[in-house]
Amino acid sequence: MEEHPQQDYPAPPFARQQQERPGETAKMDPLPDHGEHSYRGSGRLRDRVALITGGDSGIGRAVAIAFAREGADVAISYLSENSDAKETARWVEDAGRKALLLRGDIAEEKHCKQLVQRTVQELGRLDILVNNAAYQASYETLEEITAVGWELTFRTNVHAMFYLCKEALRHMKPGSAIINTSSINASDPSPSLLAYATTKGAISNFTAGLAGLVAERGVRVNAVAPGPIWTPLIPSTMPAERVENFGANTPMKRPGQPAELAATFVLLASPESSYTTGAVIEVTGGRPML
């Protein structure tokens with residue numbers, strides 16, 4: 001018998017907590033669930049190769065674990081040297097698949113090209129690109145947002161997606177998939193996340209447009225739009241009082257866990273969704289996207 005979805009995972013109030021950006025999984029209370037002990041694969045991505053940006057923690061880690069257990073080798077793109085990337089790689093290798101760790105800043109076009117090229121060189125091909133890494137910062141007034149911060153948000157969240165898709169498509173064969181991470185903020189923007197929310201709207205629009213542009217190549221392009229998800233991004237980019245009640249404003253009365261998004265990414269990456277392209281799949285805990 002299934003558990004009640006509202007009660008499957010911890011609900012706020014949480015302990016007040018903050019971290020330095022980009023945050024570390026081990027310092028979070030409660031610890032997020034990435035499906036380490038629950039996700040069961042069934043070979044839906046057997047012998048495919050995936051590149052996941054922001055693959056070291058949060059949603060990216062959950063997707064990496066799920067992809068590996070479905071039979072894929074995984075290239076993990078990450079920004080900062082910490083234990084998260086190595087831990088994710090360990091879970092991928094425990095599933096019997098190859099893990100390729102690729103450190104660097106995706107805000108730079110050169111690095112984006114190198115990510116794709118190294119994935120193909122070292123893992124032999126590229127079938128799935130997951131544009132998941134993001135930069136987020138909270139601001140209480142418009143005046144607080146600097147030109148540097150605005151540009152960094154767009155370079156990381158939008159420009160990198162463009163660079164990666166452009167390079168990846170040079171190597172992708174029919175049947176390949178691109179999955180972008182949008183957000184509920186794309187249509188229901190949080191005022192304090194103005195820069196981040198604006199980029200998420202752009203990601204949804206880019207997804208729909210690119211899907212039409214590359215359909216004849218046999219490559220599908222979709223996006224997942226999470227609601228509030230319990231990842232290191234939260235305590236490292238939000239005030240402690242917001243972290244304390246994070247996710248309470250959903251019908252589920254709690255934030256989602258990274259593990260609760262993994263199956264959606266697997267579906268969009270697999271041949272089972274062969275007629276799905278240009279879609280934005282909502283995983284929001286019941287909060288509607290307008």
# chains A, B, ... in the order shown; residues from 1 in each chain; ligands from 1
>>> residues_around(residues="Ala89 in chain A", least_positions_apart="5", cutoff="8 Å", atoms="only C-alpha atoms", output="PDB file with N, CA, C and O atoms, in the first residue's frame")
ATOM      1  N   ASP A  56      26.247  17.090  -9.945  1.00  0.00           N
ATOM      2  CA  ASP A  56      26.870  16.668  -8.693  1.00  0.00           C
ATOM      3  C   ASP A  56      25.903  16.569  -7.539  1.00  0.00           C
ATOM      4  O   ASP A  56      26.091  15.760  -6.624  1.00  0.00           O
ATOM      5  N   ILE A  76      29.272  13.976 -15.711  1.00  0.00           N
ATOM      6  CA  ILE A  76      28.750  14.852 -14.664  1.00  0.00           C
ATOM      7  C   ILE A  76      29.493  16.172 -14.703  1.00  0.00           C
ATOM      8  O   ILE A  76      30.672  16.255 -14.358  1.00  0.00           O
ATOM      9  N   ALA A  99      31.313   6.779 -15.026  1.00  0.00           N
ATOM     10  CA  ALA A  99      31.064   8.159 -14.590  1.00  0.00           C
ATOM     11  C   ALA A  99      32.254   9.007 -15.006  1.00  0.00           C
ATOM     12  O   ALA A  99      33.402   8.667 -14.719  1.00  0.00           O
ATOM     13  N   LEU A 100      31.988  10.108 -15.678  1.00  0.00           N
ATOM     14  CA  LEU A 100      33.028  11.030 -16.125  1.00  0.00           C
ATOM     15  C   LEU A 100      32.799  12.370 -15.432  1.00  0.00           C
ATOM     16  O   LEU A 100      31.763  13.014 -15.639  1.00  0.00           O
ATOM     17  N   LEU A 101      33.746  12.790 -14.583  1.00  0.00           N
ATOM     18  CA  LEU A 101      33.625  14.052 -13.862  1.00  0.00           C
ATOM     19  C   LEU A 101      34.268  15.175 -14.659  1.00  0.00           C
ATOM     20  O   LEU A 101      35.433  15.080 -15.054  1.00  0.00           O
TER      21      LEU A 101
END
>>> select_by_dssp(residues="range 168-216 of chain A", states="strand (DSSP E)", output="ChimeraX atom specification")
/A:177-181
>>> closest_residue(among="A:Ala66, A:Gly285, A:Met238, A:Glu24", to="Thr250 in chain A", atoms="only C-alpha atoms")
A:Gly285
>>> residues_around(residues="Ser190 in chain A", least_positions_apart="3", cutoff="12 Å", atoms="only C-alpha atoms", output="VMD selection string")
chain A and resid 136 to 140 183 to 187 193 to 198 200 227 to 228 238
>>> write_last_selection(atoms="all heavy atoms", output="tab-separated table (two decimals), in the first residue's frame")
chain	number	residue	atom	x	y	z
A	136	GLN	N	21.14	31.08	-9.11
A	136	GLN	CA	19.98	31.73	-8.49
A	136	GLN	C	20.45	32.64	-7.37
A	136	GLN	O	21.37	32.29	-6.62
A	136	GLN	CB	19.02	30.67	-7.94
A	136	GLN	CG	17.87	31.22	-7.12
A	136	GLN	CD	16.97	30.12	-6.60
A	136	GLN	OE1	16.25	29.48	-7.37
A	136	GLN	NE2	17.00	29.86	-5.29
A	137	ALA	N	19.82	33.79	-7.24
A	137	ALA	CA	20.09	34.69	-6.12
A	137	ALA	C	18.80	35.42	-5.77
A	137	ALA	O	17.96	35.68	-6.64
A	137	ALA	CB	21.19	35.69	-6.48
A	138	SER	N	18.63	35.73	-4.49
A	138	SER	CA	17.44	36.43	-4.01
A	138	SER	C	17.72	37.92	-3.86
A	138	SER	O	18.79	38.32	-3.40
A	138	SER	CB	17.01	35.86	-2.66
A	138	SER	OG	16.66	34.51	-2.75
A	139	TYR	N	16.74	38.72	-4.25
A	139	TYR	CA	16.85	40.18	-4.14
A	139	TYR	C	15.53	40.73	-3.63
A	139	TYR	O	14.45	40.30	-4.08
A	139	TYR	CB	17.16	40.82	-5.49
A	139	TYR	CG	18.40	40.28	-6.18
A	139	TYR	CD1	18.30	39.28	-7.16
A	139	TYR	CD2	19.66	40.77	-5.86
A	139	TYR	CE1	19.43	38.80	-7.79
A	139	TYR	CE2	20.80	40.28	-6.49
A	139	TYR	CZ	20.67	39.30	-7.47
A	139	TYR	OH	21.80	38.81	-8.10
A	140	GLU	N	15.59	41.70	-2.73
A	140	GLU	CA	14.38	42.30	-2.20
A	140	GLU	C	13.91	43.51	-3.00
A	140	GLU	O	12.74	43.90	-2.93
A	140	GLU	CB	14.59	42.69	-0.73
A	140	GLU	CG	14.82	41.48	0.18
A	140	GLU	CD	13.73	40.43	0.05
A	140	GLU	OE1	12.53	40.80	0.05
A	140	GLU	OE2	14.07	39.23	-0.07
A	183	SER	N	11.18	25.77	-14.59
A	183	SER	CA	10.75	25.96	-13.20
A	183	SER	C	9.32	26.47	-13.18
A	183	SER	O	8.84	27.07	-14.16
A	183	SER	CB	11.66	26.99	-12.51
A	183	SER	OG	11.14	27.40	-11.27
A	184	ILE	N	8.66	26.28	-12.06
A	184	ILE	CA	7.35	26.91	-11.87
A	184	ILE	C	7.48	28.43	-11.98
A	184	ILE	O	6.53	29.13	-12.34
A	184	ILE	CB	6.73	26.50	-10.53
A	184	ILE	CG1	5.26	26.95	-10.47
A	184	ILE	CG2	7.56	27.03	-9.36
A	184	ILE	CD1	4.52	26.40	-9.28
A	185	ASN	N	8.69	28.94	-11.71
A	185	ASN	CA	8.92	30.38	-11.83
A	185	ASN	C	8.81	30.89	-13.26
A	185	ASN	O	8.73	32.10	-13.48
A	185	ASN	CB	10.31	30.72	-11.28
A	185	ASN	CG	10.32	30.81	-9.77
A	185	ASN	OD1	9.91	31.82	-9.20
A	185	ASN	ND2	10.77	29.75	-9.12
A	186	ALA	N	8.79	29.99	-14.23
A	186	ALA	CA	8.63	30.41	-15.61
A	186	ALA	C	7.28	31.08	-15.84
A	186	ALA	O	7.16	31.97	-16.70
A	186	ALA	CB	8.78	29.21	-16.55
A	187	SER	N	6.26	30.65	-15.10
A	187	SER	CA	4.93	31.24	-15.29
A	187	SER	C	4.34	31.81	-14.00
A	187	SER	O	3.36	32.54	-14.04
A	187	SER	CB	3.96	30.18	-15.85
A	187	SER	OG	3.80	29.12	-14.94
A	193	LEU	N	13.06	36.39	-6.86
A	193	LEU	CA	13.92	35.62	-7.77
A	193	LEU	C	13.75	36.14	-9.21
A	193	LEU	O	13.75	35.36	-10.16
A	193	LEU	CB	13.55	34.13	-7.71
A	193	LEU	CG	13.74	33.44	-6.37
A	193	LEU	CD1	13.25	31.99	-6.44
A	193	LEU	CD2	15.20	33.47	-5.93
A	194	LEU	N	13.65	37.44	-9.35
A	194	LEU	CA	13.32	38.04	-10.64
A	194	LEU	C	14.26	37.60	-11.76
A	194	LEU	O	13.82	37.18	-12.84
A	194	LEU	CB	13.32	39.57	-10.54
A	194	LEU	CG	13.00	40.33	-11.83
A	194	LEU	CD1	11.59	39.98	-12.33
A	194	LEU	CD2	13.13	41.83	-11.61
A	195	ALA	N	15.56	37.69	-11.55
A	195	ALA	CA	16.51	37.33	-12.60
A	195	ALA	C	16.40	35.85	-12.95
A	195	ALA	O	16.31	35.46	-14.12
A	195	ALA	CB	17.93	37.67	-12.16
A	196	TYR	N	16.39	35.01	-11.92
A	196	TYR	CA	16.28	33.56	-12.11
A	196	TYR	C	14.98	33.21	-12.82
A	196	TYR	O	14.96	32.43	-13.79
A	196	TYR	CB	16.35	32.89	-10.74
A	196	TYR	CG	16.06	31.41	-10.73
A	196	TYR	CD1	17.06	30.48	-11.00
A	196	TYR	CD2	14.80	30.93	-10.37
A	196	TYR	CE1	16.81	29.12	-10.94
A	196	TYR	CE2	14.53	29.58	-10.32
A	196	TYR	CZ	15.54	28.68	-10.61
A	196	TYR	OH	15.27	27.32	-10.56
A	197	ALA	N	13.86	33.78	-12.36
A	197	ALA	CA	12.56	33.47	-12.95
A	197	ALA	C	12.50	33.87	-14.42
A	197	ALA	O	11.91	33.17	-15.25
A	197	ALA	CB	11.45	34.17	-12.16
A	198	THR	N	13.11	35.00	-14.75
A	198	THR	CA	13.12	35.45	-16.14
A	198	THR	C	13.85	34.46	-17.03
A	198	THR	O	13.40	34.15	-18.14
A	198	THR	CB	13.77	36.84	-16.24
A	198	THR	OG1	13.08	37.75	-15.37
A	198	THR	CG2	13.71	37.38	-17.65
A	200	LYS	N	14.11	31.28	-16.49
A	200	LYS	CA	13.33	30.05	-16.57
A	200	LYS	C	12.20	30.18	-17.60
A	200	LYS	O	11.84	29.21	-18.27
A	200	LYS	CB	12.78	29.66	-15.19
A	200	LYS	CG	13.88	29.24	-14.22
A	200	LYS	CD	14.65	28.03	-14.74
A	200	LYS	CE	15.78	27.60	-13.83
A	200	LYS	NZ	16.47	26.37	-14.28
A	227	GLY	N	8.67	22.45	-9.07
A	227	GLY	CA	8.26	23.41	-8.06
A	227	GLY	C	9.37	23.53	-7.04
A	227	GLY	O	10.55	23.37	-7.36
A	228	PRO	N	9.04	23.77	-5.77
A	228	PRO	CA	10.07	23.87	-4.74
A	228	PRO	C	10.69	22.50	-4.45
A	228	PRO	O	10.00	21.58	-4.01
A	228	PRO	CB	9.30	24.41	-3.52
A	228	PRO	CG	7.88	23.99	-3.75
A	228	PRO	CD	7.68	24.02	-5.23
A	238	MET	N	18.84	31.46	-0.42
A	238	MET	CA	17.64	32.06	0.16
A	238	MET	C	17.87	32.43	1.62
A	238	MET	O	18.66	31.78	2.32
A	238	MET	CB	16.45	31.08	0.08
A	238	MET	CG	15.92	30.87	-1.31
A	238	MET	SD	14.43	29.84	-1.29
A	238	MET	CE	13.98	29.93	-3.03
>>> atom_distance(atom1="CA of His37 in chain A", atom2="CA of Tyr135 in chain A")
28.5 Å
>>> closest_residue(among="A:Val63, A:Thr284, A:Pro5, A:Leu152", to="Ala107 in chain A", atoms="only C-alpha atoms")
A:Leu152
>>> closest_residue(among="A:Glu272, A:Asp188, A:Glu93, A:Asp84", to="Leu290 in chain A", atoms="only C-alpha atoms")
A:Asp188
>>> select_by_dssp(residues="range 2-189 of chain A", states="helix (DSSP H, G or I)", output="tab-separated table (two decimals) with N, CA, C and O atoms, in the first residue's frame")
chain	number	residue	atom	x	y	z
A	5	PRO	N	1.16	10.87	-0.10
A	5	PRO	CA	2.21	11.70	-0.71
A	5	PRO	C	2.62	12.90	0.13
A	5	PRO	O	3.77	13.32	0.08
A	6	GLN	N	1.67	13.45	0.90
A	6	GLN	CA	2.04	14.58	1.76
A	6	GLN	C	2.98	14.16	2.88
A	6	GLN	O	3.68	14.99	3.45
A	7	GLN	N	2.98	12.88	3.20
A	7	GLN	CA	3.72	12.41	4.37
A	7	GLN	C	4.94	11.56	4.01
A	7	GLN	O	5.60	11.02	4.89
A	25	THR	N	25.49	19.12	-0.08
A	25	THR	CA	24.41	18.22	0.33
A	25	THR	C	24.55	17.80	1.79
A	25	THR	O	23.57	17.80	2.54
A	26	ALA	N	25.75	17.43	2.20
A	26	ALA	CA	25.96	16.87	3.54
A	26	ALA	C	25.62	17.84	4.66
A	26	ALA	O	25.39	17.42	5.80
A	27	LYS	N	25.60	19.13	4.36
A	27	LYS	CA	25.31	20.14	5.39
A	27	LYS	C	23.82	20.45	5.51
A	27	LYS	O	23.43	21.26	6.35
A	58	GLY	N	21.60	17.66	-5.88
A	58	GLY	CA	20.23	18.03	-6.15
A	58	GLY	C	19.57	17.20	-7.24
A	58	GLY	O	19.74	15.99	-7.32
A	59	ILE	N	18.83	17.89	-8.09
A	59	ILE	CA	18.12	17.22	-9.18
A	59	ILE	C	19.11	16.49	-10.08
A	59	ILE	O	18.86	15.36	-10.52
A	60	GLY	N	20.24	17.11	-10.35
A	60	GLY	CA	21.24	16.50	-11.22
A	60	GLY	C	21.74	15.17	-10.69
A	60	GLY	O	21.91	14.21	-11.45
A	61	ARG	N	21.98	15.09	-9.37
A	61	ARG	CA	22.43	13.82	-8.79
A	61	ARG	C	21.34	12.76	-8.93
A	61	ARG	O	21.63	11.60	-9.29
A	62	ALA	N	20.10	13.11	-8.65
A	62	ALA	CA	19.00	12.14	-8.76
A	62	ALA	C	18.87	11.62	-10.18
A	62	ALA	O	18.65	10.42	-10.40
A	63	VAL	N	19.02	12.51	-11.16
A	63	VAL	CA	18.93	12.10	-12.56
A	63	VAL	C	20.11	11.21	-12.94
A	63	VAL	O	19.96	10.20	-13.64
A	64	ALA	N	21.31	11.55	-12.46
A	64	ALA	CA	22.49	10.73	-12.75
A	64	ALA	C	22.33	9.32	-12.21
A	64	ALA	O	22.64	8.33	-12.89
A	65	ILE	N	21.84	9.20	-10.98
A	65	ILE	CA	21.63	7.88	-10.38
A	65	ILE	C	20.60	7.09	-11.17
A	65	ILE	O	20.79	5.91	-11.49
A	66	ALA	N	19.49	7.74	-11.51
A	66	ALA	CA	18.43	7.06	-12.25
A	66	ALA	C	18.90	6.63	-13.63
A	66	ALA	O	18.65	5.50	-14.07
A	67	PHE	N	19.58	7.52	-14.34
A	67	PHE	CA	20.08	7.19	-15.68
A	67	PHE	C	21.03	6.00	-15.62
A	67	PHE	O	20.97	5.09	-16.45
A	68	ALA	N	21.93	5.99	-14.63
A	68	ALA	CA	22.88	4.89	-14.50
A	68	ALA	C	22.16	3.57	-14.24
A	68	ALA	O	22.50	2.53	-14.82
A	69	ARG	N	21.16	3.62	-13.39
A	69	ARG	CA	20.43	2.38	-13.08
A	69	ARG	C	19.53	1.95	-14.23
A	69	ARG	O	19.08	0.79	-14.26
A	83	SER	N	32.76	17.38	-2.12
A	83	SER	CA	32.51	15.95	-2.05
A	83	SER	C	31.31	15.51	-2.88
A	83	SER	O	31.16	14.34	-3.18
A	84	ASP	N	30.43	16.44	-3.26
A	84	ASP	CA	29.20	16.07	-3.94
A	84	ASP	C	29.45	15.36	-5.27
A	84	ASP	O	28.82	14.35	-5.58
A	85	ALA	N	30.36	15.88	-6.09
A	85	ALA	CA	30.59	15.31	-7.41
A	85	ALA	C	31.13	13.89	-7.30
A	85	ALA	O	30.68	12.97	-8.01
A	86	LYS	N	32.08	13.68	-6.42
A	86	LYS	CA	32.66	12.35	-6.26
A	86	LYS	C	31.64	11.36	-5.72
A	86	LYS	O	31.63	10.18	-6.09
A	87	GLU	N	30.77	11.84	-4.83
A	87	GLU	CA	29.74	10.97	-4.29
A	87	GLU	C	28.75	10.54	-5.37
A	87	GLU	O	28.34	9.38	-5.44
A	88	THR	N	28.37	11.49	-6.24
A	88	THR	CA	27.48	11.15	-7.34
A	88	THR	C	28.13	10.14	-8.28
A	88	THR	O	27.50	9.17	-8.71
A	89	ALA	N	29.40	10.36	-8.60
A	89	ALA	CA	30.13	9.43	-9.46
A	89	ALA	C	30.16	8.03	-8.85
A	89	ALA	O	30.05	7.02	-9.55
A	90	ARG	N	30.30	7.97	-7.53
A	90	ARG	CA	30.33	6.67	-6.86
A	90	ARG	C	29.02	5.92	-7.05
A	90	ARG	O	29.01	4.71	-7.32
A	91	TRP	N	27.91	6.62	-6.96
A	91	TRP	CA	26.61	5.97	-7.15
A	91	TRP	C	26.44	5.48	-8.59
A	91	TRP	O	25.87	4.42	-8.83
A	92	VAL	N	26.93	6.28	-9.54
A	92	VAL	CA	26.86	5.86	-10.95
A	92	VAL	C	27.68	4.59	-11.16
A	92	VAL	O	27.23	3.63	-11.81
A	93	GLU	N	28.88	4.58	-10.62
A	93	GLU	CA	29.75	3.42	-10.79
A	93	GLU	C	29.23	2.20	-10.03
A	93	GLU	O	29.38	1.06	-10.49
A	94	ASP	N	28.56	2.41	-8.90
A	94	ASP	CA	27.95	1.31	-8.17
A	94	ASP	C	26.86	0.63	-8.99
A	94	ASP	O	26.54	-0.54	-8.77
A	109	GLU	N	31.55	29.85	-22.96
A	109	GLU	CA	31.24	29.09	-24.17
A	109	GLU	C	32.29	28.01	-24.44
A	109	GLU	O	31.95	26.86	-24.81
A	110	LYS	N	33.54	28.34	-24.26
A	110	LYS	CA	34.61	27.38	-24.52
A	110	LYS	C	34.46	26.13	-23.67
A	110	LYS	O	34.64	25.00	-24.15
A	111	HIS	N	34.13	26.32	-22.41
A	111	HIS	CA	33.96	25.17	-21.53
A	111	HIS	C	32.77	24.31	-21.96
A	111	HIS	O	32.83	23.08	-21.89
A	112	CYS	N	31.68	24.94	-22.39
A	112	CYS	CA	30.51	24.18	-22.85
A	112	CYS	C	30.88	23.27	-24.02
A	112	CYS	O	30.48	22.10	-24.06
A	113	LYS	N	31.63	23.81	-24.96
A	113	LYS	CA	32.06	23.00	-26.09
A	113	LYS	C	32.94	21.85	-25.63
A	113	LYS	O	32.81	20.71	-26.11
A	114	GLN	N	33.83	22.13	-24.68
A	114	GLN	CA	34.72	21.09	-24.18
A	114	GLN	C	33.96	19.99	-23.45
A	114	GLN	O	34.34	18.82	-23.51
A	115	LEU	N	32.90	20.35	-22.75
A	115	LEU	CA	32.09	19.36	-22.06
A	115	LEU	C	31.56	18.31	-23.04
A	115	LEU	O	31.64	17.10	-22.80
A	116	VAL	N	31.00	18.79	-24.13
A	116	VAL	CA	30.45	17.88	-25.13
A	116	VAL	C	31.56	17.07	-25.78
A	116	VAL	O	31.46	15.84	-25.94
A	117	GLN	N	32.62	17.75	-26.15
A	117	GLN	CA	33.71	17.07	-26.85
A	117	GLN	C	34.35	15.99	-25.98
A	117	GLN	O	34.63	14.88	-26.45
A	118	ARG	N	34.58	16.28	-24.71
A	118	ARG	CA	35.19	15.28	-23.82
A	118	ARG	C	34.25	14.11	-23.56
A	118	ARG	O	34.68	12.96	-23.44
A	119	THR	N	32.95	14.40	-23.46
A	119	THR	CA	31.98	13.32	-23.29
A	119	THR	C	32.05	12.35	-24.46
A	119	THR	O	32.11	11.13	-24.27
A	120	VAL	N	32.06	12.88	-25.66
A	120	VAL	CA	32.10	12.04	-26.86
A	120	VAL	C	33.44	11.30	-26.95
A	120	VAL	O	33.49	10.10	-27.26
A	121	GLN	N	34.52	11.99	-26.65
A	121	GLN	CA	35.86	11.38	-26.73
A	121	GLN	C	36.03	10.24	-25.72
A	121	GLN	O	36.58	9.18	-26.05
A	122	GLU	N	35.55	10.44	-24.50
A	122	GLU	CA	35.83	9.49	-23.44
A	122	GLU	C	34.73	8.45	-23.22
A	122	GLU	O	35.00	7.36	-22.72
A	123	LEU	N	33.50	8.78	-23.61
A	123	LEU	CA	32.41	7.82	-23.45
A	123	LEU	C	31.88	7.30	-24.78
A	123	LEU	O	31.01	6.44	-24.81
A	142	LEU	N	14.59	45.81	-6.94
A	142	LEU	CA	15.20	45.79	-8.27
A	142	LEU	C	16.58	46.43	-8.23
A	142	LEU	O	17.51	45.98	-8.93
A	143	GLU	N	16.74	47.45	-7.38
A	143	GLU	CA	18.01	48.16	-7.31
A	143	GLU	C	19.15	47.27	-6.81
A	143	GLU	O	20.32	47.54	-7.08
A	144	GLU	N	18.81	46.21	-6.09
A	144	GLU	CA	19.85	45.31	-5.58
A	144	GLU	C	20.46	44.45	-6.68
A	144	GLU	O	21.57	43.93	-6.52
A	147	ALA	N	24.19	44.66	-12.70
A	147	ALA	CA	24.36	44.22	-14.09
A	147	ALA	C	25.17	42.93	-14.14
A	147	ALA	O	24.88	42.02	-14.93
A	148	VAL	N	26.16	42.83	-13.26
A	148	VAL	CA	26.99	41.63	-13.21
A	148	VAL	C	26.16	40.42	-12.80
A	148	VAL	O	26.26	39.34	-13.41
A	149	GLY	N	25.32	40.58	-11.78
A	149	GLY	CA	24.48	39.48	-11.33
A	149	GLY	C	23.46	39.06	-12.36
A	149	GLY	O	23.19	37.86	-12.56
A	150	TRP	N	22.85	40.05	-13.02
A	150	TRP	CA	21.87	39.77	-14.08
A	150	TRP	C	22.53	38.99	-15.21
A	150	TRP	O	22.00	37.97	-15.69
A	151	GLU	N	23.69	39.46	-15.65
A	151	GLU	CA	24.39	38.81	-16.76
A	151	GLU	C	24.86	37.41	-16.39
A	151	GLU	O	24.79	36.48	-17.20
A	152	LEU	N	25.32	37.23	-15.14
A	152	LEU	CA	25.76	35.91	-14.71
A	152	LEU	C	24.60	34.92	-14.71
A	152	LEU	O	24.76	33.76	-15.12
A	153	THR	N	23.44	35.36	-14.28
A	153	THR	CA	22.26	34.49	-14.28
A	153	THR	C	21.92	34.05	-15.69
A	153	THR	O	21.64	32.86	-15.93
A	154	PHE	N	21.95	34.97	-16.63
A	154	PHE	CA	21.64	34.62	-18.02
A	154	PHE	C	22.74	33.78	-18.65
A	154	PHE	O	22.45	32.85	-19.42
A	155	ARG	N	23.99	34.08	-18.36
A	155	ARG	CA	25.09	33.29	-18.94
A	155	ARG	C	25.03	31.85	-18.48
A	155	ARG	O	25.25	30.92	-19.26
A	156	THR	N	24.71	31.66	-17.20
A	156	THR	CA	24.67	30.31	-16.65
A	156	THR	C	23.42	29.55	-17.06
A	156	THR	O	23.48	28.38	-17.44
A	157	ASN	N	22.27	30.20	-17.00
A	157	ASN	CA	20.99	29.51	-17.19
A	157	ASN	C	20.53	29.44	-18.64
A	157	ASN	O	19.86	28.48	-19.03
A	158	VAL	N	20.87	30.46	-19.43
A	158	VAL	CA	20.35	30.52	-20.80
A	158	VAL	C	21.46	30.37	-21.84
A	158	VAL	O	21.37	29.52	-22.74
A	159	HIS	N	22.50	31.17	-21.73
A	159	HIS	CA	23.56	31.11	-22.74
A	159	HIS	C	24.22	29.74	-22.77
A	159	HIS	O	24.48	29.19	-23.84
A	160	ALA	N	24.49	29.17	-21.59
A	160	ALA	CA	25.12	27.84	-21.54
A	160	ALA	C	24.25	26.80	-22.21
A	160	ALA	O	24.74	25.91	-22.93
A	161	MET	N	22.96	26.86	-22.01
A	161	MET	CA	22.03	25.94	-22.65
A	161	MET	C	22.14	26.03	-24.17
A	161	MET	O	22.19	25.00	-24.87
A	162	PHE	N	22.23	27.25	-24.69
A	162	PHE	CA	22.39	27.46	-26.13
A	162	PHE	C	23.71	26.87	-26.61
A	162	PHE	O	23.75	26.13	-27.60
A	163	TYR	N	24.81	27.18	-25.91
A	163	TYR	CA	26.12	26.67	-26.32
A	163	TYR	C	26.15	25.14	-26.31
A	163	TYR	O	26.66	24.50	-27.24
A	164	LEU	N	25.61	24.55	-25.26
A	164	LEU	CA	25.64	23.10	-25.11
A	164	LEU	C	24.78	22.41	-26.16
A	164	LEU	O	25.19	21.40	-26.75
A	165	CYS	N	23.59	22.94	-26.39
A	165	CYS	CA	22.72	22.34	-27.40
A	165	CYS	C	23.35	22.42	-28.78
A	165	CYS	O	23.32	21.44	-29.56
A	166	LYS	N	23.93	23.56	-29.09
A	166	LYS	CA	24.53	23.75	-30.41
A	166	LYS	C	25.66	22.75	-30.65
A	166	LYS	O	25.76	22.15	-31.72
A	167	GLU	N	26.52	22.56	-29.63
A	167	GLU	CA	27.62	21.63	-29.78
A	167	GLU	C	27.13	20.18	-29.74
A	167	GLU	O	27.61	19.34	-30.51
A	168	ALA	N	26.18	19.89	-28.87
A	168	ALA	CA	25.68	18.52	-28.74
A	168	ALA	C	25.02	18.03	-30.02
A	168	ALA	O	25.18	16.86	-30.40
A	184	ILE	N	8.66	26.28	-12.06
A	184	ILE	CA	7.35	26.91	-11.87
A	184	ILE	C	7.48	28.43	-11.98
A	184	ILE	O	6.53	29.13	-12.34
A	185	ASN	N	8.69	28.94	-11.71
A	185	ASN	CA	8.92	30.38	-11.83
A	185	ASN	C	8.81	30.89	-13.26
A	185	ASN	O	8.73	32.10	-13.48
A	186	ALA	N	8.79	29.99	-14.23
A	186	ALA	CA	8.63	30.41	-15.61
A	186	ALA	C	7.28	31.08	-15.84
A	186	ALA	O	7.16	31.97	-16.70
>>> atom_distance(atom1="CA of Ala223 in chain A", atom2="CA of Ile178 in chain A")
8.2 Å
>>> closest_residue(among="A:Lys253, A:Ser274, A:Pro258, A:Phe246", to="Arg287 in chain A", atoms="only C-alpha atoms")
A:Lys253
>>> closest_residue(among="A:Leu45, A:Leu261, A:Ala134, A:Leu126", to="Thr199 in chain A", atoms="only C-alpha atoms")
A:Ala134
>>> residues_around(residues="Gln257 in chain A", least_positions_apart="2", cutoff="6 Å", atoms="only C-alpha atoms", output="PyMOL selection string")
chain A and resi 33+229-230+259-260
>>> closest_residue(among="A:Ala240, A:Ile179, A:Ile234, A:Ala133", to="Leu210 in chain A", atoms="only C-alpha atoms")
A:Ile179
>>> decode(residues="range 251-269 of chain A", atoms="C-alpha atoms", output="PDB file, in the first residue's frame")
ATOM      1  CA  PRO A 251      -0.891  21.493  -1.781  1.00  0.00           C
ATOM      2  CA  MET A 252       1.595  18.806  -0.727  1.00  0.00           C
ATOM      3  CA  LYS A 253       2.594  21.073   2.214  1.00  0.00           C
ATOM      4  CA  ARG A 254       6.267  20.209   1.703  1.00  0.00           C
ATOM      5  CA  PRO A 255       9.082  20.614  -0.820  1.00  0.00           C
ATOM      6  CA  GLY A 256       9.704  17.890  -3.351  1.00  0.00           C
ATOM      7  CA  GLN A 257      12.762  15.696  -3.121  1.00  0.00           C
ATOM      8  CA  PRO A 258      15.186  15.321  -6.067  1.00  0.00           C
ATOM      9  CA  ALA A 259      14.254  11.631  -6.261  1.00  0.00           C
ATOM     10  CA  GLU A 260      10.673  12.618  -7.078  1.00  0.00           C
ATOM     11  CA  LEU A 261      11.761  14.170 -10.395  1.00  0.00           C
ATOM     12  CA  ALA A 262      14.053  11.409 -11.625  1.00  0.00           C
ATOM     13  CA  ALA A 263      11.369   9.283 -13.277  1.00  0.00           C
ATOM     14  CA  THR A 264      10.177  12.255 -15.339  1.00  0.00           C
ATOM     15  CA  PHE A 265      13.670  12.821 -16.733  1.00  0.00           C
ATOM     16  CA  VAL A 266      14.011   9.106 -17.486  1.00  0.00           C
ATOM     17  CA  LEU A 267      10.711   9.096 -19.366  1.00  0.00           C
ATOM     18  CA  LEU A 268      11.695  12.091 -21.492  1.00  0.00           C
ATOM     19  CA  ALA A 269      15.095  10.547 -22.245  1.00  0.00           C
TER      20      ALA A 269
END
